Structure formats: structure tokens, C-alpha cells
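Below is one structure, written out as C-alpha cells; comments come after it.
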Amino acid sequence: MPAKIFQMVTVLAAYFVLTNTVLAADRTSSILLLDDSTIVVANSHSHTISFVDLNDQANGTIEIGVGKSPQTLAYDSALDRLWVTNQAENTLTIISVPDKSVEGQIETAQSPFGVVFDDSVAYITNQESNLIQVFDLNNFTLIASIPVNNSPRGMSLSKNKNTLFVTHFSSGEISVIDTTDLSVIKTISLGSRAGLTQAFVIDEVEAVAYVPNTMRNSDNQNLVFDNTVFPFVSIIDLNELIHLRGDRIALDIIDKPVGMPLEAALQNSILYVANAASNDLTIIDLKSKKALAHVEVGSFPTGIDISESGGEIYIHNSLDGTISVMDTDSFIVGSVIESTVIPVSSAVLNGQKLFHSSDDTRMSKDQWIACATCHFGGEADNVNWFFPDGLRNTPSLLGVTDTGPFHWSGNLDEIQDVEDTIRKLQGGTGLVFGSSNCLPSCDTAEKNAGRSSDLDDITAYLGSLKFSTAYQKSNNTNEVDSISRGRELFFDKNVGCSDCHKPPFYMDNKNHMMPQVNSTSKSLNTPSLMRLSISSPYLHDGSARTLPEVLTAAPLNSVHGVQESLTSQQLTDLIAFTEAIEPPTQMLVEREYSELTVPQKFDSLAARAKVDFEINLEYDDDDIILKIGYRHGANVETDTYLVVEDNLSGKYWLLDEFLNLNDINVSNYTPTSSTGGPSYYQLYSFPEVRVANLDVAGQIFTFHTITLEKGASPYAIESWLSYEIDELKF
């Protein structure tokens with residue numbers, strides 16, 4: 001073998017050892033053990049992360065600001081960096097672990113939640129833009145954006161890193177993504193009533209996954225606290241990629257009633273499920289599907305991690321700013337570590353805890369349901385529910401203190417009137433003594449404000465809620481022009497939209513008689529139009545799935561008055577404007593850093609290459625036909641080198657410039673080349689390549705692929721942009 005080729009193969013082998021030792025984050029989590037002595041946690045309500053020294057719990061915590069509402073984090077051990085998603089400001093913060101400092105930030109699509117790594121890229125779920133973004137780990141370049149269904153949230157990566165599983169928070173769906181071509185290959189449904197779906201816990205040995213979720217009994221026309229929602233752990237067959245409906249675990253049957261199972265962790269055949277609203281753990285023996293223990297923890301647990309030894313479980317109590325440490329032999333919480341002091345008023349924090357709790361008997365009976373069950377984080381569940389005054393679509397509570405009266409019927413004149421909902425729907429004893437002050441109706445009885453500090457605190461919490469930072473503005477000229485034309489139509493007196501939907505909140509704080517499909521009329525409160533694009537379905541009963549249905553479907557087309565007077569293009573323009581309506585500045589989260597500074601890049605470039613193969617052993621006797629697909633994302637022109645290794649015979653071949661496999665001793669070898677652009681990820685299908693007259697039975701072929709800047713030496717590892725290994729066995 002020539003010296004240079006031997007050098008290349010030697011470097012390949014050395015680099016493989018390095019890349020194979022990278023510890024990749026394989027599932028989304030708000031808490032992460034970096035090693036036996038250090039744990040890091042995302043403090044979503046403090047806008048920080050904390051490094052906790054487990055050997056010095058009293059004095060060993062370092063807290064640094066990252067961005068607004070950090071949700072999950074992942075550790076890149078190769079570069080000693082943490083990536084943190086900041087959901088409220090649409091950014092990723094990159095942290096230097098040795099320096100405990102912010103290296104920089106990357107802008108994302110709307111509402112990033114989850115982050116996981118494979119060996120070369122980071123996958124990010126963007127909950128409000130319905131995308132999985134793929135970033136290069138070394139250089140932070142956006143390689144791809146994968147469209148998925150609504151509200152992608154949690155993720156888990158298979159052990160071989162070929163499959164990414166994504167949970168959908170509002171629908172209970174699971175997107176299955178092939179990481180080789182970055183496409184959705186299947187969508188698994190947990191049922192039309194499933195929701196609050198975040199964790200996806202993979203058991204590689206049993207080839208199943210466990211998914212905590214909440215079933216919403218939204219068809220029920222006689223809502224009572226204990227027939228409204230049900231806590232489950234669903235089970236997915238990873239071989240068939242199907243939901244094993246008959247095998248799901250009903251947590252209210254095997255355990256005490258619990259509220260909002262949200263996160264989970266697996267240790268051998270034991271599953272630990274964190275029930276966020278009821279502030280406890282359900283510990284399940286998966287062999288018998290029975291509960292081993294029920295453990296009380298802190299307020300609103302949202303993350304779990306297990307020590308390397310398996311002796312301790314760490315539970316992140318997000319609304320306490322603490323970590324509960326539980327012994328896995330005794331199932332006893334031995335200590336509680338403070339990770340942060342949440343920097344809000346005691347009134348707002350108390351109101352937030354009450355709002356998200358089913359553990360307090362004043363708020364809920366039997367730990368069954370919390371305000372946050374339908375209004376997680378103060379937002380909406382996108383579900384229609386039957387109430388005494390009819391079918392009602394759950395509204396978002398963002399900006400609610402400025403958009404009264406409240407409820408679709410406008411029958412609450414103050415937020416404190418939710419006392420009636422707490423008692424009647426949630427089964428709680430209530431936060432005030434005596435009457436709920438809702439007889440004969442909430443808006444005519446005495447005021448509830450001032451009767452209970454706890455009830456006033458819930459109002460204070462809701463008043464503190466803000467919309468995420470301003471959306472990225474489109475630079476598409478056609479879209480900008482359409483929005484501008486739509487704005488003129490919206491405020492045109494002949495069209496009449498602004499008669500009821502007045503800035504700045506795009507509502508008028510009034511009720512109006514609205515025609516119904518049964519030829520009657522109903523008094524309904526004018527809804528705000530802020531952030532319409534994420535609040536479907538529409539109308540009080542959720543009967544309109546899209547905005548065109550709101551404007552054109554009978555009987556409301558007569559009220560909105562646009563079906564006959566507007567052309568199709570004008571209707572499109574009007575919808576474009578309404579979807580672009582932003583809340584006023586005072587309702588928006590401000591970014592932690594006024595300017596985004598991309599972290600120091602590992603290289604000046606970014607690229608990724610994959611090689612796919614099809615083998616036809618029946619073609620022309622024993623000839624092998626290779627169909628090679630080369631996937632590439634880069635910002636410069638690149639060269640790609642392919643070395644094919646026969647592991648049994650020790651032979652090597654190169655793919656030459658004519659796309660033929662030749663012996664390794666060719667003297668003038670030219671690599672294949674291609675040109676890409678930023679955020680560019682494309683499949684190149686090469687012509688068939690024939691390897692003639694080989695006896696392949698029992699052989700193993702290893703394909704080594706290097707991508708580097710055009711003209712750079714393939715023998716210098718520092719010039720490589722990407723390196724991939726694929727193996728075929730016969």
C-alpha cells in the first residue's frame with residue numbers, strides 16, 4: 001500500500017476511535033449529570049442554568065444567565081460545551097463547561113424546547129414553528145429544517161443514531177425521523193385524546209419505548225373532575241413502530257391518582273415517572289406493571305436523571321428551584337439541593353405554583369386536575385370541551401388581564417372568579433371561605449378580589465405572563481406586500497374588522513350577539529387576534545380549523561361580511577395580516593442578550609456527508625452494484641474522499657473521479673467534488689459503481705467518507721469537515 005494511502009487509513013482509524021468515544025445526549029432533559037460529581041440543571045423560571053457540585057452541595061453551585069425560559073440542555077463532551085434551548089426568546093445558548101461562561105447564542109425558529117446530539121449535529125424541536133432544526137455541532141451552521149406536525153417537544157435518539165423520535169405536546173403523536181436522510185418516515189398516534197406528551201424513554205433491550213401522557217375525555221358532556229383527564233404511560237413497539245394500546249399503563253389504577261405525568265427515566269426494568277402537577281413520582285416494575293412506590297418530591301418536577309452507579313435518582317423540581325436526591329434501593333428522598341432562587345415576587349411564584357398544582361386539596365380533589373392541565377404555562381391545549389354553556393375551545397391566557405371580560409361567554413368580570421371553576425370543575429375546596437360569589441352569576445355577584453391572597457396571587461401570576469419574543473419577520477417581498485395589503489383591508493371601514501378587533505389587543509372588551517348554525521344567536525366575547533397562527537382551532541366552539549373557515553363559513557360569514565365583498569386575493573391578504581399581528585411591546589419577552597453573538601467556531605466551515613448503499617448480488621454473476629447517495633451540507637466548494645475496506649481480505653479501494661472503484665494503488669487519484677451553500681443539505685445520486693468478480697459471502701465492507709474544503713489535504717485531520725463510517729455485512 002502506498003505510504004500516503006496508508007497514512008490516510010491510519011488517520012481514519014485514529015479518528016474513528018475519537019469519534020466513537022463521544023458521549024452524545026440521547027434524550028431531552030432539563031437536568032443532566034456531567035460526571036459523578038457534577039450535575040447541571042436548566043432553571044426555566046430564573047433564566048439560568050446551575051452547575052451543582054455534588055461533593056459540596058452547600059457551597060458548590062455556580063449559576064449563570066443563559067436566556068429567557070431555558071427548557072432543556074445537552075452536553076457535547078468532545079468540545080466540552082453545553083447547548084441550552086431558550087424557549088421564550090427563540091435562541092440556543094452555548095456554554096463553555098470549563099469556564100462556566102456563555103460562549104455565544106444561535107437564533108432558532110419559534111419556541112425551541114428540546115435538544116439532542118448525535119456525533120456531528122444537534123437536533124432542536126421548535127414547538128410553535130413545527131420544525132426540527134439540524135445544526136452542525138462544530139460550526140453552528142443550520143444544515144436542515146424538517147417540517148413535522150404541531151407542537152414538537154421531546155426527543156430521543158436510538159442507540160445506533162439512525163432514528164430520532166419526536167413527541168408532539170398537544171396531539172400525543174410521535175414523529176419517527178430517519179436521520180440518514182432527515183425525513184419523517186412515520187407518525188405514531190397515541191389516540192385522538194392524548195396530549196401533554198413530552199418524554200420518550202427507549203428500552204433498547206426490550207425494543208419498546210414508554211411515553212407518559214394525559215388522555216383528555218373531551219367528548220364527555222358532563223364534566224366532573226375525575227372523568228375529565230386520565231394519566232397514562234403508553235408503550236411503543238420499536239420494531240413495528242406501533243402503539244401497543246392494550247398494554248398501556250393507567251397510573252390512576254396502579255398508583256394513587258396523579259396529575260400530569262410528564263417526564264420519565266428507565267433503570268433496568270424500573271420506570272420512574274415524574275407527575276408534574278401532583279408533585280410526585282410513580283415507580284413502576286415493568287415486568288409486573290405494578291407500582292413499587294409513590295414518592296413525594298418538590299413542586300412541578302420536570303426532569304429526571306440517574307447516577308452512573310444507578311444508586312441515586314435526581315429529580316428537578318422546577319417551581320421550587322431544587323433537586324430531590326432519591327436512593328434507588330429505599331425509594332427515599334435523602335436530600336434536597338437548591339439550584340436557584342426564582343427571582344419573582346412571592347405573590348407571582350405562589351400563584352404559579354397554585355395554578356400548576358393538583359396536589360393542593362383547595363385546588364383539586366384527589367390530585368386529579370390542575371389549571372395547567374388545560375392551560376400549560378398559561379397557554380391553550382387546542383382542545384374543545386363541553387361546559388354548562390356549551391362546547392368551548394380552550395383559549396390562551398397570555399395577556400388575559402388586559403382582555404376581559406373572561407370566558408367565551410364573557411361571564412367573568414374578574415380573574416378571581418375562577419374560584420367557581422376550581423370548585424365545580426377541579427373538585428377543589430376553593431381558596432376563599434363561604435360563597436364563590438358566582439350566584440346568580442359571576443359578573444353580577446360581589447367581587448372576589450381581596451377575599452383571598454392565594455386567589456389574588458393566581459391573578460398576579462397570570463398578569464405576569466408574556467408572549468415569546470417577536471417572531472422573525474419574513475423577507476419575502478410577496479409576503480411583505482400581502483401583509484401590507486391585508487392591513488389596509490383590516491382597517492377599511494367597509495370591511496369592518498377593526499370595528500370589534502381594535503388595537504393594541506385587537507379586541508373591544510365586549511360581548512356581541514353572534515349567529516349560530518341552528519339559526520339562533522349567542523352572546524360571545526370578542527377574542528383577541530394576537531398570535532393567531534398558533535391558536536387553532538378557532539371560534540368559541542372550535543368549529544373552524546383554519547382562518548379561511550372563520551371568515552367564509554356560514555353563519556359567521558354574514559357577520560364578518562367578507563365573503564361576497566372580497567376577492568380571493570384580498571381574502572388571502574387579510575389572513576396574511578391577521579396571522580402577522582404581534583402583541584404590543586410590553587407584552588413581549590425581551591431577550592437576555594440584545595445582540596446575538598455566534599460562538600467561536602471549531603472550524604471556519606461546516607459540512608456533513610452521508611453515504612447510502614444498495615447492493616445487488618444477483619447482477620451479472622457475482623458483481624456488486626453500488627448505488628451511492630452523497631448527502632452534503634456546506635458553505636464552500638468541497639472534496640469528498642471515499643475509501644472502501646474489505647475487512648476480511650484487507651483490501652482497499654478508492655472511488656475515483658469517474659465514480660469507479662479502483663485498487664488503492666492508483667497513482668493519480670482525484671476526489672469527487674460538489675458545491676453547496678449555507679443551510680444546504682442535498683442528496684446526490686451517483687451512477688452505479690461495479691466491483692467485479694468478488695466472492696462476497698461472509699465479507700464485511702467498511703466505507704470511510706471524508707469531506708473537506710476543495711484542494712485541502714485529506715491526510716491532515718484538522719482540515720476535515722466531516723467524517724462518516726458505514727458498514728455492510730454479507
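Chains: A, B, ... in order of the C-alpha cells. Residues: from 1 per chain. Ligands: from 1, in order shown.
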
>> Would you pick out the contacts of Leu241 (chain A) at 10 Å or less, using only C-alpha atoms, so that residues sharing its chain but fewer than 3 positions from it are not included, and give the list as a PyMOL selection string?
In response: chain A and resi 174+176+186-188+207-209+236-238+244

>> I'd like the neighbourhood of Leu319 (chain A) as a list in words, where a residue qualifies if any of its atoms comes within 9 Å (using only C-alpha atoms), though same-chain residues fewer than 6 positions away should be ignored.
In response: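 Close residues of Leu319 (chain A): Asn43, Ser44, His45, Gly298, Ser299, Phe300, Pro301, Ile342, Leu349, Gln352 and Lys353 of chain A.
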
Env of Pro261 (chain A): 8 Å cut, atoms = only C-alpha atoms, seq-sep filter 2 positions within chain, self excluded. Answer as a tab-separated table (two decimals) with N, CA and C atoms, in the first residue's frame.
chain	number	residue	atom	x	y	z
A	212	PRO	N	-45.11	8.85	28.81
A	212	PRO	CA	-46.13	9.40	29.71
A	212	PRO	C	-47.02	10.39	28.97
A	213	ASN	N	-48.30	10.39	29.27
A	213	ASN	CA	-49.22	11.31	28.61
A	213	ASN	C	-50.50	11.43	29.40
A	214	THR	N	-51.33	12.37	29.02
A	214	THR	CA	-52.63	12.58	29.66
A	214	THR	C	-53.72	12.43	28.62
A	231	PRO	N	-54.28	9.86	33.60
A	231	PRO	CA	-52.82	9.74	33.42
A	231	PRO	C	-52.42	8.34	32.96
A	232	PHE	N	-51.62	8.29	31.90
A	232	PHE	CA	-51.20	7.01	31.33
A	232	PHE	C	-49.70	7.01	31.04
A	233	VAL	N	-49.16	5.81	30.92
A	233	VAL	CA	-47.88	5.59	30.25
A	233	VAL	C	-48.18	4.67	29.06
A	258	VAL	N	-52.81	10.61	40.16
A	258	VAL	CA	-51.70	11.54	39.98
A	258	VAL	C	-52.06	12.51	38.86
A	259	GLY	N	-51.36	13.63	38.81
A	259	GLY	CA	-51.65	14.66	37.82
A	259	GLY	C	-50.49	14.95	36.92
A	263	GLU	N	-42.44	13.48	32.68
A	263	GLU	CA	-41.10	13.00	32.38
A	263	GLU	C	-40.90	11.61	32.97
A	273	VAL	N	-41.58	7.73	36.86
A	273	VAL	CA	-42.42	8.70	36.16
A	273	VAL	C	-42.64	9.91	37.05
A	274	ALA	N	-42.28	11.10	36.55
A	274	ALA	CA	-42.48	12.34	37.29
A	274	ALA	C	-43.84	12.92	36.94
A	275	ASN	N	-44.71	13.03	37.95
A	275	ASN	CA	-46.05	13.59	37.77
A	275	ASN	C	-46.00	15.06	38.17
A	276	ALA	N	-45.98	15.94	37.17
A	276	ALA	CA	-45.65	17.34	37.42
A	276	ALA	C	-46.68	18.05	38.28
A	277	ALA	N	-47.97	17.84	38.02
A	277	ALA	CA	-49.00	18.59	38.75
A	277	ALA	C	-49.19	18.09	40.17

> Looking at A:Leu398, A:Val41, A:Leu32, A:Ala58, which one is nearest to Ser335 (chain A), with distances taken over only C-alpha atoms?
Replying inline: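 Ranking A:Leu398, A:Val41, A:Leu32, A:Ala58 by distance to Ser335 (chain A), first place goes to A:Ala58.
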
Find the residues around region 60-64 of chain A up to 7 Å (only C-alpha atoms counted), leave out those fewer than 3 positions away in its own chain, and share them as a PDB file with N, CA and C atoms, in the first residue's frame.
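Heads up, here's the output in result_1.pdb:
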ATOM      1  N   THR A  48     -31.670  30.836  33.954  1.00  0.00           N
ATOM      2  CA  THR A  48     -30.276  30.486  34.225  1.00  0.00           C
ATOM      3  C   THR A  48     -30.091  28.985  34.091  1.00  0.00           C
ATOM      4  N   ILE A  49     -28.818  28.560  34.117  1.00  0.00           N
ATOM      5  CA  ILE A  49     -28.507  27.165  34.395  1.00  0.00           C
ATOM      6  C   ILE A  49     -27.603  27.137  35.621  1.00  0.00           C
ATOM      7  N   SER A  50     -27.644  26.013  36.341  1.00  0.00           N
ATOM      8  CA  SER A  50     -26.820  25.865  37.543  1.00  0.00           C
ATOM      9  C   SER A  50     -25.948  24.631  37.433  1.00  0.00           C
ATOM     10  N   PHE A  51     -24.655  24.806  37.730  1.00  0.00           N
ATOM     11  CA  PHE A  51     -23.732  23.695  37.907  1.00  0.00           C
ATOM     12  C   PHE A  51     -23.686  23.382  39.400  1.00  0.00           C
ATOM     13  N   VAL A  52     -24.016  22.160  39.765  1.00  0.00           N
ATOM     14  CA  VAL A  52     -24.065  21.769  41.167  1.00  0.00           C
ATOM     15  C   VAL A  52     -22.965  20.752  41.450  1.00  0.00           C
ATOM     16  N   ASP A  53     -22.094  21.078  42.389  1.00  0.00           N
ATOM     17  CA  ASP A  53     -21.044  20.162  42.827  1.00  0.00           C
ATOM     18  C   ASP A  53     -21.662  19.222  43.869  1.00  0.00           C
ATOM     19  N   ASP A  56     -20.053  19.064  47.235  1.00  0.00           N
ATOM     20  CA  ASP A  56     -20.137  20.248  48.094  1.00  0.00           C
ATOM     21  C   ASP A  56     -21.475  20.927  47.823  1.00  0.00           C
ATOM     22  N   GLN A  57     -22.556  20.259  48.233  1.00  0.00           N
ATOM     23  CA  GLN A  57     -23.887  20.725  47.891  1.00  0.00           C
ATOM     24  C   GLN A  57     -24.217  22.071  48.525  1.00  0.00           C
ATOM     25  N   SER A 339     -30.949  24.738  43.592  1.00  0.00           N
ATOM     26  CA  SER A 339     -30.229  25.080  42.368  1.00  0.00           C
ATOM     27  C   SER A 339     -30.386  26.547  42.004  1.00  0.00           C
TER      28      SER A 339
END

Test item: residues at most 8 Å from region 156-168 of chain A, only C-alpha atoms, excluding those fewer than 4 positions along its chain, as a PDB file with C-alpha atoms, in the first residue's frame:
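Writing the result to out-v9.pdb gives the following:
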ATOM      1  CA  ASP A  26     -29.711  10.823  23.593  1.00  0.00           C
ATOM      2  CA  ARG A  27     -32.892  12.340  25.064  1.00  0.00           C
ATOM      3  CA  THR A  28     -34.190  15.737  26.035  1.00  0.00           C
ATOM      4  CA  VAL A 116     -30.222  16.167  21.466  1.00  0.00           C
ATOM      5  CA  ASP A 118     -25.574  12.652  17.546  1.00  0.00           C
ATOM      6  CA  ASN A 149     -46.815  18.099  12.825  1.00  0.00           C
ATOM      7  CA  ASN A 150     -47.944  20.544  15.508  1.00  0.00           C
ATOM      8  CA  SER A 151     -46.059  21.224  18.769  1.00  0.00           C
ATOM      9  CA  PRO A 152     -42.906  19.037  18.553  1.00  0.00           C
ATOM     10  CA  GLY A 172     -49.955  12.795  21.539  1.00  0.00           C
ATOM     11  CA  GLU A 173     -48.326  11.930  18.223  1.00  0.00           C
ATOM     12  CA  ILE A 174     -44.794  10.588  17.747  1.00  0.00           C
ATOM     13  CA  SER A 175     -42.822  11.549  14.644  1.00  0.00           C
ATOM     14  CA  VAL A 176     -40.247   8.962  13.577  1.00  0.00           C
ATOM     15  CA  ILE A 177     -37.361  10.573  11.691  1.00  0.00           C
ATOM     16  CA  ASP A 178     -34.717   8.783   9.635  1.00  0.00           C
ATOM     17  CA  THR A 179     -31.515  10.654  10.483  1.00  0.00           C
ATOM     18  CA  THR A 180     -29.720   9.462   7.338  1.00  0.00           C
ATOM     19  CA  GLY A 195     -51.772  15.134  24.991  1.00  0.00           C
ATOM     20  CA  THR A 197     -46.742  14.353  25.657  1.00  0.00           C
ATOM     21  CA  GLN A 198     -43.116  15.163  26.365  1.00  0.00           C
ATOM     22  CA  ALA A 199     -40.894  12.200  27.321  1.00  0.00           C
ATOM     23  CA  PHE A 200     -39.976   9.264  25.069  1.00  0.00           C
ATOM     24  CA  VAL A 201     -37.992   6.688  27.039  1.00  0.00           C
ATOM     25  CA  ILE A 202     -36.324   3.975  24.946  1.00  0.00           C
ATOM     26  CA  GLU A 204     -33.215  -0.915  23.656  1.00  0.00           C
TER      27      GLU A 204
END

> With distances taken over only C-alpha atoms, which of A:Ile284, A:Ile249, A:Ala445, A:Leu462 is nearest to Gly378 (chain A)?
Replying inline: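 Comparing A:Ile284, A:Ile249, A:Ala445, A:Leu462 against Gly378 (chain A), the winner is A:Leu462.
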
>> Based on the backbone DSSP call, show me all residues of region 260-400 of chain A assigned helix (DSSP H, G or I), as an MDAnalysis selection string.
In response: chainID A and resid 346:355 371:374 376:378 400

>> Measuring between only C-alpha atoms, which one of A:Gly430, A:Gly542, A:Gly191, A:Gly65 shows the shortest distance to Asn393 (chain A)?
In response: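 Result for the nearest residue to Asn393 (chain A): A:Gly542.
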
> Any idea what's packed within 12 Å of region 220-228 of chain A, counting only C-alpha atoms, ignoring anything in its chain fewer than 5 positions away? Could you give it as a ChimeraX atom specification?
Replying inline: /A:193,214-215,252,257-259,358,363-371,373-374,384-392,421-428

>> From a backbone DSSP assignment, name each residue in region 456-601 of chain A labelled strand (DSSP E or B), as a PyMOL selection string.
In response: chain A and resi 467+511-515+521-525+538+544+588

> So, counting only C-alpha atoms, which residue among A:Leu556, A:Leu262, A:Leu33, A:Ile581 is closest to Pro504 (chain A)?
Replying inline: A:Ile581

> How many Å separate CA of His375 (chain A) from CA of Ser69 (chain A)?
Replying inline: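 Answer for the CA of His375 (chain A) to CA of Ser69 (chain A) separation: 17.0 Å.
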
> Of the candidates A:Val495, A:Gly321, A:Leu455, A:Arg362, which shows the shortest atom-to-atom distance to Pro343 (chain A), using only C-alpha atoms?
Replying inline: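 Among the listed residues, the smallest separation from Pro343 (chain A) belongs to A:Gly321.
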
>> Calculated over only C-alpha atoms, which of the candidates A:Thr394, A:Gln586, A:Gln71, A:Gln569 has the smallest distance to Thr302 (chain A)?
In response: A:Gln71

>> I'd like the neighbourhood of Ile132 (chain A) as a ChimeraX atom specification, where a residue qualifies if any of its atoms comes within 8 Å (using only C-alpha atoms), though same-chain residues fewer than 3 positions away should be ignored.
In response: /A:123-126,145-148,152
